[in-house]
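**Q** One structure coming up, written as structure tokens, with questions to follow.
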Amino acid sequence: MKSLDTKGLRCPQPLIMLKEALLEMKDGEEIRVEIDNDTSLKNLSSYLRDQGVEPDISTAGKIHTLVALKPQKDITQSDPAIYCTTDLPIDYVVCIKGELMGDGDPDLGKLLMETFVDNLKLQEQLPTHVVLYNGGVKLAMKQSAVCNSLTELEELGTRIMLCGTCIDHYGLQMDIGVGMISNMVVITETLASAGHVVYP
Amino acid sequence: MDQKFDLLSTIEYGGCSAKLPAGVLAEVLSKLPVASDPRLLVDVDTHDDAGVYLINDETALIFTTDFFPPICSDAYEFGEIAAANALSDVYAMGGTPLLALNLMMFSQEKIPLDVFGEILKGGHDKVSEAGALIVGGHTIDDHPPKYGLAVVGTVHPDHLITNAGARPNDILVLSKSIGSGALVSGMKNGLCQLEDYRRALVQMKHLNRQGAAMAVKYGVSSMTDITGFGLAGHAMKMAEASGVSFRIHIAEIPLLPGAYKVYEKGSIPGATFRNLEFTGQQVHCTRGVDYNLKMLIHDAQTSGGLLMSVNPDHAASLIEELRRLDPDVSVAEIGQVIPESPRRLYFE
């Protein structure tokens, strides 16, 4: 285990030290940091959580000890432009045209659609966008059974795009639970430039 | 010859980093009675940049103040930056500054007196550049030093630009680069090039005068200046006051050279974490917005640029003309206003 003593140092020195140390560490290795002020403890914890690691914190007197695994994510990237490239094979967009999945019994169609949306977040590769239009926008309303699943997807970085005209048409302005209201210009652009589009 | 006095040696953190956390401030203010008067066109209610009071049909008064501890070593430059920053609140309302008062906290026992004079001179020159007058001020013995101004400006009531007027489909324009907080911190920690730091200082000294003039000329629907709460914090307040959401293209946000590198090394000012906490669930970052960029949009700016929301038909002309008038700073289209959605800001 790697150890860091940041006692007596103020923000941002402890974070600079932590980032330097993480770069030198191997995957799966643990780091232990001693901290003597609440602000640094908060900021280091915030940083680690953002990298997907929950730090283990213990406090004795005025000294906090933070123990965490080296984050999996690549923290060495230096080019801001990296954000627009993707390391995934093919980007895809999910397009939801209505409340039901498939033709037939509407009760079954509703159940299938809910199961489909719930499963999306479990995919190894997440969609870049979920576009919802016509009756599909109803899935993003607060009372929808999949509102939570869509919110989780959004937390993971998927853009949830709702057709604004459709929301107006169904009078749902006050009920939106997740997603950003978009228009046909953006939706057309998104679908046209997608690697491929999945229609459930 | 005496070695030049380093103002940064007096403080631990500076500039708008010295602001109280927004949440704490809101809680304190919520317990105070709010002034109400039909002549008060803009009060604290919408978290705007300044108070605005209607004098008559032709004139409204803009009243604002800002002051902070040193953010750079040189006294004259600190004076310039503090003044540009205080004047900016008037510009952010679409107004013209008229009069200013110096606010100074300075300990003669701890700092040579000529430093005092240099700070005031920097402030004076910047206020003159803005076409306004310093008509006095007040000094208190205190250490570390703090300097700023109270500024009065005017605006025609019909041309007043608040942060509450953004409309869906408007284009969002930002008139300066982001990252001054990063570079000030980077310089202190030896993590940036002097040249990049100098560029940040030049930008902080730059008046938002032309930006405001173009905003008035092209009738922008809403405007605010970017300071201590960072781009995300101020954009969030503007979206909130306007009852809309913003979609911002992170790759289009102009960044000061070197700022990204400072964050990558871990030199992230405490103010950035406070701002991140402030925006919380209101900000959505799409997958691929990396950690350093997510933090940079929360970087506290001192004397930052204007964020305008403008009718799409006028955005290109506004940007083109402002680029011509203000070639030293980056102005860019960074996103669009969208109808009110569950979150205020979508960065992608």
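Ligands are numbered from 1 in the order shown, chains are lettered A, B, ... in the order of the structure tokens, and residues start at 1 in each chain.
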Output as an MDAnalysis selection string the set of chain B residues within 9 Å of chain A, with distances taken over only C-alpha atoms.
**A** chainID B and resid 185 189 245 247 251 260:261 263:270 273:274 284:293 338:343 346 348
**Q** When you look at A:Ala21 with a cut-off of 10 Å (counting only C-alpha atoms), what residues show up, excluding the ones that are within fewer than 6 positions of it in the same chain? I need them as a list in words.
**A** Lys2, Ser3, Leu4, Leu15, Ile31 and Lys70 of chain A
**Q** Please return as a PDB file with N, CA and C atoms, in the first residue's frame: the residues of stretch 124-258 of chain B that backbone DSSP assigns to alpha helix (DSSP H).
**A**
ATOM      1  N   HIS B 124      -7.609  53.441 -10.605  1.00  0.00           N
ATOM      2  CA  HIS B 124      -7.938  54.735 -11.210  1.00  0.00           C
ATOM      3  C   HIS B 124      -7.820  54.684 -12.741  1.00  0.00           C
ATOM      4  N   ASP B 125      -6.721  54.114 -13.209  1.00  0.00           N
ATOM      5  CA  ASP B 125      -6.509  54.063 -14.661  1.00  0.00           C
ATOM      6  C   ASP B 125      -7.572  53.210 -15.362  1.00  0.00           C
ATOM      7  N   LYS B 126      -7.951  52.126 -14.705  1.00  0.00           N
ATOM      8  CA  LYS B 126      -8.951  51.243 -15.325  1.00  0.00           C
ATOM      9  C   LYS B 126     -10.321  51.926 -15.355  1.00  0.00           C
ATOM     10  N   VAL B 127     -10.648  52.639 -14.272  1.00  0.00           N
ATOM     11  CA  VAL B 127     -11.928  53.354 -14.227  1.00  0.00           C
ATOM     12  C   VAL B 127     -11.936  54.466 -15.285  1.00  0.00           C
ATOM     13  N   SER B 128     -10.805  55.137 -15.449  1.00  0.00           N
ATOM     14  CA  SER B 128     -10.715  56.161 -16.502  1.00  0.00           C
ATOM     15  C   SER B 128     -10.908  55.542 -17.878  1.00  0.00           C
ATOM     16  N   GLU B 129     -10.271  54.390 -18.093  1.00  0.00           N
ATOM     17  CA  GLU B 129     -10.418  53.702 -19.385  1.00  0.00           C
ATOM     18  C   GLU B 129     -11.893  53.422 -19.673  1.00  0.00           C
ATOM     19  N   SER B 180      -9.148  31.323 -15.561  1.00  0.00           N
ATOM     20  CA  SER B 180      -8.274  32.253 -14.828  1.00  0.00           C
ATOM     21  C   SER B 180      -7.999  31.755 -13.412  1.00  0.00           C
ATOM     22  N   GLY B 181      -8.993  31.140 -12.782  1.00  0.00           N
ATOM     23  CA  GLY B 181      -8.791  30.593 -11.440  1.00  0.00           C
ATOM     24  C   GLY B 181      -7.724  29.507 -11.458  1.00  0.00           C
ATOM     25  N   ALA B 182      -7.791  28.663 -12.479  1.00  0.00           N
ATOM     26  CA  ALA B 182      -6.823  27.572 -12.618  1.00  0.00           C
ATOM     27  C   ALA B 182      -5.407  28.121 -12.745  1.00  0.00           C
ATOM     28  N   LEU B 183      -5.237  29.149 -13.561  1.00  0.00           N
ATOM     29  CA  LEU B 183      -3.883  29.648 -13.815  1.00  0.00           C
ATOM     30  C   LEU B 183      -3.318  30.418 -12.623  1.00  0.00           C
ATOM     31  N   VAL B 184      -4.182  31.111 -11.885  1.00  0.00           N
ATOM     32  CA  VAL B 184      -3.705  31.790 -10.669  1.00  0.00           C
ATOM     33  C   VAL B 184      -3.215  30.737  -9.668  1.00  0.00           C
ATOM     34  N   SER B 185      -4.006  29.669  -9.521  1.00  0.00           N
ATOM     35  CA  SER B 185      -3.613  28.575  -8.627  1.00  0.00           C
ATOM     36  C   SER B 185      -2.371  27.860  -9.171  1.00  0.00           C
ATOM     37  N   GLY B 186      -2.347  27.663 -10.485  1.00  0.00           N
ATOM     38  CA  GLY B 186      -1.212  26.976 -11.109  1.00  0.00           C
ATOM     39  C   GLY B 186       0.092  27.727 -10.925  1.00  0.00           C
ATOM     40  N   MET B 187       0.017  29.039 -11.000  1.00  0.00           N
ATOM     41  CA  MET B 187       1.225  29.853 -10.843  1.00  0.00           C
ATOM     42  C   MET B 187       1.757  29.717  -9.422  1.00  0.00           C
ATOM     43  N   LYS B 188       0.838  29.750  -8.451  1.00  0.00           N
ATOM     44  CA  LYS B 188       1.252  29.637  -7.050  1.00  0.00           C
ATOM     45  C   LYS B 188       1.904  28.290  -6.773  1.00  0.00           C
ATOM     46  N   LEU B 194       4.744  30.868 -17.220  1.00  0.00           N
ATOM     47  CA  LEU B 194       4.563  32.289 -16.939  1.00  0.00           C
ATOM     48  C   LEU B 194       3.730  32.956 -18.040  1.00  0.00           C
ATOM     49  N   GLU B 195       4.017  32.562 -19.250  1.00  0.00           N
ATOM     50  CA  GLU B 195       3.323  33.125 -20.407  1.00  0.00           C
ATOM     51  C   GLU B 195       1.796  32.895 -20.335  1.00  0.00           C
ATOM     52  N   ASP B 196       1.416  31.689 -19.917  1.00  0.00           N
ATOM     53  CA  ASP B 196      -0.014  31.379 -19.808  1.00  0.00           C
ATOM     54  C   ASP B 196      -0.658  32.180 -18.675  1.00  0.00           C
ATOM     55  N   TYR B 197       0.080  32.314 -17.576  1.00  0.00           N
ATOM     56  CA  TYR B 197      -0.406  33.089 -16.447  1.00  0.00           C
ATOM     57  C   TYR B 197      -0.583  34.556 -16.842  1.00  0.00           C
ATOM     58  N   ARG B 198       0.407  35.072 -17.585  1.00  0.00           N
ATOM     59  CA  ARG B 198       0.327  36.469 -18.045  1.00  0.00           C
ATOM     60  C   ARG B 198      -0.927  36.673 -18.909  1.00  0.00           C
ATOM     61  N   ARG B 199      -1.215  35.682 -19.733  1.00  0.00           N
ATOM     62  CA  ARG B 199      -2.380  35.786 -20.609  1.00  0.00           C
ATOM     63  C   ARG B 199      -3.667  35.867 -19.773  1.00  0.00           C
ATOM     64  N   ALA B 200      -3.679  35.119 -18.676  1.00  0.00           N
ATOM     65  CA  ALA B 200      -4.850  35.170 -17.787  1.00  0.00           C
ATOM     66  C   ALA B 200      -4.983  36.559 -17.164  1.00  0.00           C
ATOM     67  N   LEU B 201      -3.843  37.143 -16.762  1.00  0.00           N
ATOM     68  CA  LEU B 201      -3.888  38.484 -16.163  1.00  0.00           C
ATOM     69  C   LEU B 201      -4.409  39.510 -17.165  1.00  0.00           C
ATOM     70  N   VAL B 202      -3.912  39.432 -18.390  1.00  0.00           N
ATOM     71  CA  VAL B 202      -4.350  40.370 -19.427  1.00  0.00           C
ATOM     72  C   VAL B 202      -5.858  40.261 -19.622  1.00  0.00           C
ATOM     73  N   GLN B 203      -6.341  39.036 -19.632  1.00  0.00           N
ATOM     74  CA  GLN B 203      -7.775  38.852 -19.832  1.00  0.00           C
ATOM     75  C   GLN B 203      -8.577  39.416 -18.654  1.00  0.00           C
ATOM     76  N   MET B 204      -8.074  39.217 -17.427  1.00  0.00           N
ATOM     77  CA  MET B 204      -8.794  39.715 -16.246  1.00  0.00           C
ATOM     78  C   MET B 204      -8.856  41.244 -16.232  1.00  0.00           C
ATOM     79  N   LYS B 205      -7.816  41.882 -16.783  1.00  0.00           N
ATOM     80  CA  LYS B 205      -7.780  43.353 -16.818  1.00  0.00           C
ATOM     81  C   LYS B 205      -8.694  43.918 -17.889  1.00  0.00           C
ATOM     82  N   ARG B 209     -16.472  46.212 -21.676  1.00  0.00           N
ATOM     83  CA  ARG B 209     -17.177  47.354 -22.254  1.00  0.00           C
ATOM     84  C   ARG B 209     -17.718  47.063 -23.652  1.00  0.00           C
ATOM     85  N   GLN B 210     -16.840  46.555 -24.527  1.00  0.00           N
ATOM     86  CA  GLN B 210     -17.285  46.288 -25.899  1.00  0.00           C
ATOM     87  C   GLN B 210     -18.350  45.196 -25.930  1.00  0.00           C
ATOM     88  N   GLY B 211     -18.155  44.196 -25.080  1.00  0.00           N
ATOM     89  CA  GLY B 211     -19.139  43.114 -25.006  1.00  0.00           C
ATOM     90  C   GLY B 211     -20.517  43.658 -24.659  1.00  0.00           C
ATOM     91  N   ALA B 212     -20.539  44.566 -23.682  1.00  0.00           N
ATOM     92  CA  ALA B 212     -21.817  45.153 -23.267  1.00  0.00           C
ATOM     93  C   ALA B 212     -22.408  46.004 -24.391  1.00  0.00           C
ATOM     94  N   ALA B 213     -21.550  46.750 -25.084  1.00  0.00           N
ATOM     95  CA  ALA B 213     -22.040  47.596 -26.178  1.00  0.00           C
ATOM     96  C   ALA B 213     -22.667  46.741 -27.277  1.00  0.00           C
ATOM     97  N   MET B 214     -22.023  45.626 -27.589  1.00  0.00           N
ATOM     98  CA  MET B 214     -22.571  44.738 -28.621  1.00  0.00           C
ATOM     99  C   MET B 214     -23.865  44.071 -28.146  1.00  0.00           C
ATOM    100  N   ALA B 215     -23.909  43.763 -26.857  1.00  0.00           N
ATOM    101  CA  ALA B 215     -25.120  43.148 -26.299  1.00  0.00           C
ATOM    102  C   ALA B 215     -26.305  44.093 -26.471  1.00  0.00           C
ATOM    103  N   VAL B 216     -26.064  45.391 -26.219  1.00  0.00           N
ATOM    104  CA  VAL B 216     -27.131  46.377 -26.366  1.00  0.00           C
ATOM    105  C   VAL B 216     -27.492  46.521 -27.842  1.00  0.00           C
ATOM    106  N   LYS B 217     -26.453  46.630 -28.676  1.00  0.00           N
ATOM    107  CA  LYS B 217     -26.691  46.833 -30.107  1.00  0.00           C
ATOM    108  C   LYS B 217     -27.521  45.701 -30.717  1.00  0.00           C
ATOM    109  N   GLY B 230     -18.168  30.455 -11.238  1.00  0.00           N
ATOM    110  CA  GLY B 230     -17.741  29.712 -12.415  1.00  0.00           C
ATOM    111  C   GLY B 230     -18.783  29.763 -13.534  1.00  0.00           C
ATOM    112  N   LEU B 231     -18.388  29.289 -14.707  1.00  0.00           N
ATOM    113  CA  LEU B 231     -19.321  29.284 -15.845  1.00  0.00           C
ATOM    114  C   LEU B 231     -20.591  28.518 -15.479  1.00  0.00           C
ATOM    115  N   ALA B 232     -20.432  27.338 -14.888  1.00  0.00           N
ATOM    116  CA  ALA B 232     -21.602  26.518 -14.581  1.00  0.00           C
ATOM    117  C   ALA B 232     -22.504  27.212 -13.552  1.00  0.00           C
ATOM    118  N   GLY B 233     -21.904  27.788 -12.517  1.00  0.00           N
ATOM    119  CA  GLY B 233     -22.697  28.427 -11.466  1.00  0.00           C
ATOM    120  C   GLY B 233     -23.490  29.613 -11.982  1.00  0.00           C
ATOM    121  N   HIS B 234     -22.841  30.472 -12.764  1.00  0.00           N
ATOM    122  CA  HIS B 234     -23.541  31.653 -13.269  1.00  0.00           C
ATOM    123  C   HIS B 234     -24.534  31.289 -14.371  1.00  0.00           C
ATOM    124  N   ALA B 235     -24.171  30.314 -15.206  1.00  0.00           N
ATOM    125  CA  ALA B 235     -25.106  29.865 -16.252  1.00  0.00           C
ATOM    126  C   ALA B 235     -26.344  29.260 -15.596  1.00  0.00           C
ATOM    127  N   MET B 236     -26.124  28.501 -14.515  1.00  0.00           N
ATOM    128  CA  MET B 236     -27.254  27.885 -13.819  1.00  0.00           C
ATOM    129  C   MET B 236     -28.204  28.952 -13.265  1.00  0.00           C
ATOM    130  N   LYS B 237     -27.619  30.007 -12.667  1.00  0.00           N
ATOM    131  CA  LYS B 237     -28.458  31.076 -12.120  1.00  0.00           C
ATOM    132  C   LYS B 237     -29.243  31.782 -13.215  1.00  0.00           C
ATOM    133  N   MET B 238     -28.590  31.977 -14.368  1.00  0.00           N
ATOM    134  CA  MET B 238     -29.258  32.653 -15.477  1.00  0.00           C
ATOM    135  C   MET B 238     -30.397  31.780 -16.015  1.00  0.00           C
ATOM    136  N   ALA B 239     -30.128  30.493 -16.178  1.00  0.00           N
ATOM    137  CA  ALA B 239     -31.164  29.580 -16.675  1.00  0.00           C
ATOM    138  C   ALA B 239     -32.338  29.529 -15.693  1.00  0.00           C
ATOM    139  N   GLU B 240     -32.007  29.492 -14.410  1.00  0.00           N
ATOM    140  CA  GLU B 240     -33.024  29.429 -13.365  1.00  0.00           C
ATOM    141  C   GLU B 240     -33.888  30.689 -13.377  1.00  0.00           C
ATOM    142  N   ALA B 241     -33.223  31.857 -13.411  1.00  0.00           N
ATOM    143  CA  ALA B 241     -33.955  33.124 -13.390  1.00  0.00           C
ATOM    144  C   ALA B 241     -34.828  33.261 -14.637  1.00  0.00           C
ATOM    145  N   SER B 242     -34.384  32.650 -15.752  1.00  0.00           N
ATOM    146  CA  SER B 242     -35.122  32.771 -17.008  1.00  0.00           C
ATOM    147  C   SER B 242     -36.163  31.675 -17.178  1.00  0.00           C
TER     148      SER B 242
END
**Q** Mind checking DSSP for stretch 34-247 of chain B and telling me the strand (DSSP E) residues as a ChimeraX atom specification?
**A** /B:40-42,51-54,60-68,96-105,133-140,146-155,171-174,222-225,244-247
**Q** Which residues come within 9 Å of A:Lys110, counting only C-alpha atoms, excluding same-chain residues fewer than 5 positions away, as a list of chain:residue names?
**A** A:Glu99, A:Leu100, A:Met101, A:Asp105, A:Thr115
**Q** At what distance in Å, to one decimal, does atom CA of A:Met141 lie from atom CA of A:Tyr170?
**A**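 Between atom CA of A:Tyr170 and atom CA of A:Met141 the gap is 11.4 Å.
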**Q** Nearest residue to B:Ile161 out of B:Asp66, B:Glu80, B:Glu58, B:Asp49, using only C-alpha atoms?
**A**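 Ranked by minimum distance to B:Ile161, first place goes to B:Asp49.
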**Q** If you measure from atom CA of B:Gln301 to atom CA of B:Asn275, what distance in Å do you get, rounded to one decimal?
**A**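 Atom CA of B:Asn275 lies 11.2 Å from atom CA of B:Gln301.
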**Q** Go through A:Glu30, A:Asp91, A:Asp5, A:Asp36 one by one, measure the shortest atom-to-atom distance of each to A:Val130 using only C-alpha atoms, and give the residue with the smallest value.
**A**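 Checking each of A:Glu30, A:Asp91, A:Asp5, A:Asp36 against A:Val130, counting only C-alpha atoms, the winner is A:Asp91.
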**Q** Quick one: residues within 10 Å of B:Asn208, only C-alpha atoms counted, chain neighbours fewer than 6 positions away excluded, as an MDAnalysis selection string?
**A** chainID B and resid 84:85 87:92 130 175:176 225 303:306 326
**Q** Go ahead and write the residues just picked, N, CA and C atoms, as a PDB file, in the first residue's frame.
**A**
ATOM      1  N   ALA B  84     -11.667  46.377 -13.062  1.00  0.00           N
ATOM      2  CA  ALA B  84     -12.345  45.782 -14.222  1.00  0.00           C
ATOM      3  C   ALA B  84     -13.456  44.854 -13.743  1.00  0.00           C
ATOM      4  N   ASN B  85     -13.174  44.125 -12.667  1.00  0.00           N
ATOM      5  CA  ASN B  85     -14.139  43.180 -12.109  1.00  0.00           C
ATOM      6  C   ASN B  85     -15.369  43.899 -11.538  1.00  0.00           C
ATOM      7  N   LEU B  87     -16.428  46.968 -12.283  1.00  0.00           N
ATOM      8  CA  LEU B  87     -17.140  47.638 -13.382  1.00  0.00           C
ATOM      9  C   LEU B  87     -17.981  46.647 -14.183  1.00  0.00           C
ATOM     10  N   SER B  88     -17.524  45.410 -14.217  1.00  0.00           N
ATOM     11  CA  SER B  88     -18.170  44.399 -15.047  1.00  0.00           C
ATOM     12  C   SER B  88     -19.636  44.192 -14.684  1.00  0.00           C
ATOM     13  N   ASP B  89     -19.973  44.334 -13.417  1.00  0.00           N
ATOM     14  CA  ASP B  89     -21.373  44.151 -13.020  1.00  0.00           C
ATOM     15  C   ASP B  89     -22.290  45.172 -13.696  1.00  0.00           C
ATOM     16  N   VAL B  90     -21.777  46.385 -13.921  1.00  0.00           N
ATOM     17  CA  VAL B  90     -22.566  47.403 -14.623  1.00  0.00           C
ATOM     18  C   VAL B  90     -22.712  47.003 -16.095  1.00  0.00           C
ATOM     19  N   TYR B  91     -21.592  46.564 -16.683  1.00  0.00           N
ATOM     20  CA  TYR B  91     -21.637  46.130 -18.090  1.00  0.00           C
ATOM     21  C   TYR B  91     -22.602  44.957 -18.272  1.00  0.00           C
ATOM     22  N   ALA B  92     -22.616  44.062 -17.270  1.00  0.00           N
ATOM     23  CA  ALA B  92     -23.458  42.866 -17.386  1.00  0.00           C
ATOM     24  C   ALA B  92     -24.946  43.197 -17.413  1.00  0.00           C
ATOM     25  N   ALA B 130     -12.642  53.148 -18.594  1.00  0.00           N
ATOM     26  CA  ALA B 130     -14.075  52.874 -18.755  1.00  0.00           C
ATOM     27  C   ALA B 130     -14.879  54.155 -18.948  1.00  0.00           C
ATOM     28  N   SER B 175     -17.932  35.689 -23.813  1.00  0.00           N
ATOM     29  CA  SER B 175     -17.017  36.678 -24.382  1.00  0.00           C
ATOM     30  C   SER B 175     -15.568  36.597 -23.892  1.00  0.00           C
ATOM     31  N   LYS B 176     -15.270  35.722 -22.933  1.00  0.00           N
ATOM     32  CA  LYS B 176     -13.867  35.527 -22.529  1.00  0.00           C
ATOM     33  C   LYS B 176     -13.624  34.043 -22.295  1.00  0.00           C
ATOM     34  N   ASP B 225     -22.315  38.232 -15.959  1.00  0.00           N
ATOM     35  CA  ASP B 225     -20.872  38.051 -16.104  1.00  0.00           C
ATOM     36  C   ASP B 225     -20.415  36.854 -15.285  1.00  0.00           C
ATOM     37  N   SER B 303     -13.104  38.657 -12.782  1.00  0.00           N
ATOM     38  CA  SER B 303     -13.288  39.521 -13.939  1.00  0.00           C
ATOM     39  C   SER B 303     -13.425  38.698 -15.225  1.00  0.00           C
ATOM     40  N   GLY B 304     -14.335  37.741 -15.182  1.00  0.00           N
ATOM     41  CA  GLY B 304     -14.563  36.866 -16.333  1.00  0.00           C
ATOM     42  C   GLY B 304     -15.404  37.539 -17.405  1.00  0.00           C
ATOM     43  N   GLY B 305     -15.773  36.765 -18.406  1.00  0.00           N
ATOM     44  CA  GLY B 305     -16.481  37.315 -19.558  1.00  0.00           C
ATOM     45  C   GLY B 305     -17.978  37.422 -19.340  1.00  0.00           C
ATOM     46  N   LEU B 306     -18.652  37.888 -20.381  1.00  0.00           N
ATOM     47  CA  LEU B 306     -20.107  37.999 -20.361  1.00  0.00           C
ATOM     48  C   LEU B 306     -20.700  36.754 -21.011  1.00  0.00           C
ATOM     49  N   ASP B 326     -12.716  43.542 -30.178  1.00  0.00           N
ATOM     50  CA  ASP B 326     -12.012  43.000 -29.011  1.00  0.00           C
ATOM     51  C   ASP B 326     -11.113  41.840 -29.434  1.00  0.00           C
TER      52      ASP B 326
END
**Q** Give me the residues near B:Ile140 as an NGL selection string, where near means some atom within 10 Å (using only C-alpha atoms) and where sequence neighbours in that chain fewer than 4 positions away do not count.
**A** :B and (103-107 or 145-146)
**Q** Save out the residues we just selected, C-alpha atoms, as a tab-separated table (two decimals), in the first residue's frame.
**A**
chain	number	residue	atom	x	y	z
B	103	LEU	CA	-12.99	50.35	-0.99
B	104	MET	CA	-9.61	49.55	0.53
B	105	MET	CA	-8.42	47.47	3.44
B	106	PHE	CA	-4.73	47.96	3.97
B	107	SER	CA	-2.24	47.76	6.80
B	145	PRO	CA	-5.23	43.77	2.02
B	146	LYS	CA	-8.47	43.85	0.06
**Q** What's the 12 Å shell around B:Glu333, counting only C-alpha atoms, without same-chain residues fewer than 2 positions away, as an MDAnalysis selection string?
**A** chainID B and resid 170:177 247:254 306:310 312 314:320 322:323 330:331 335:337
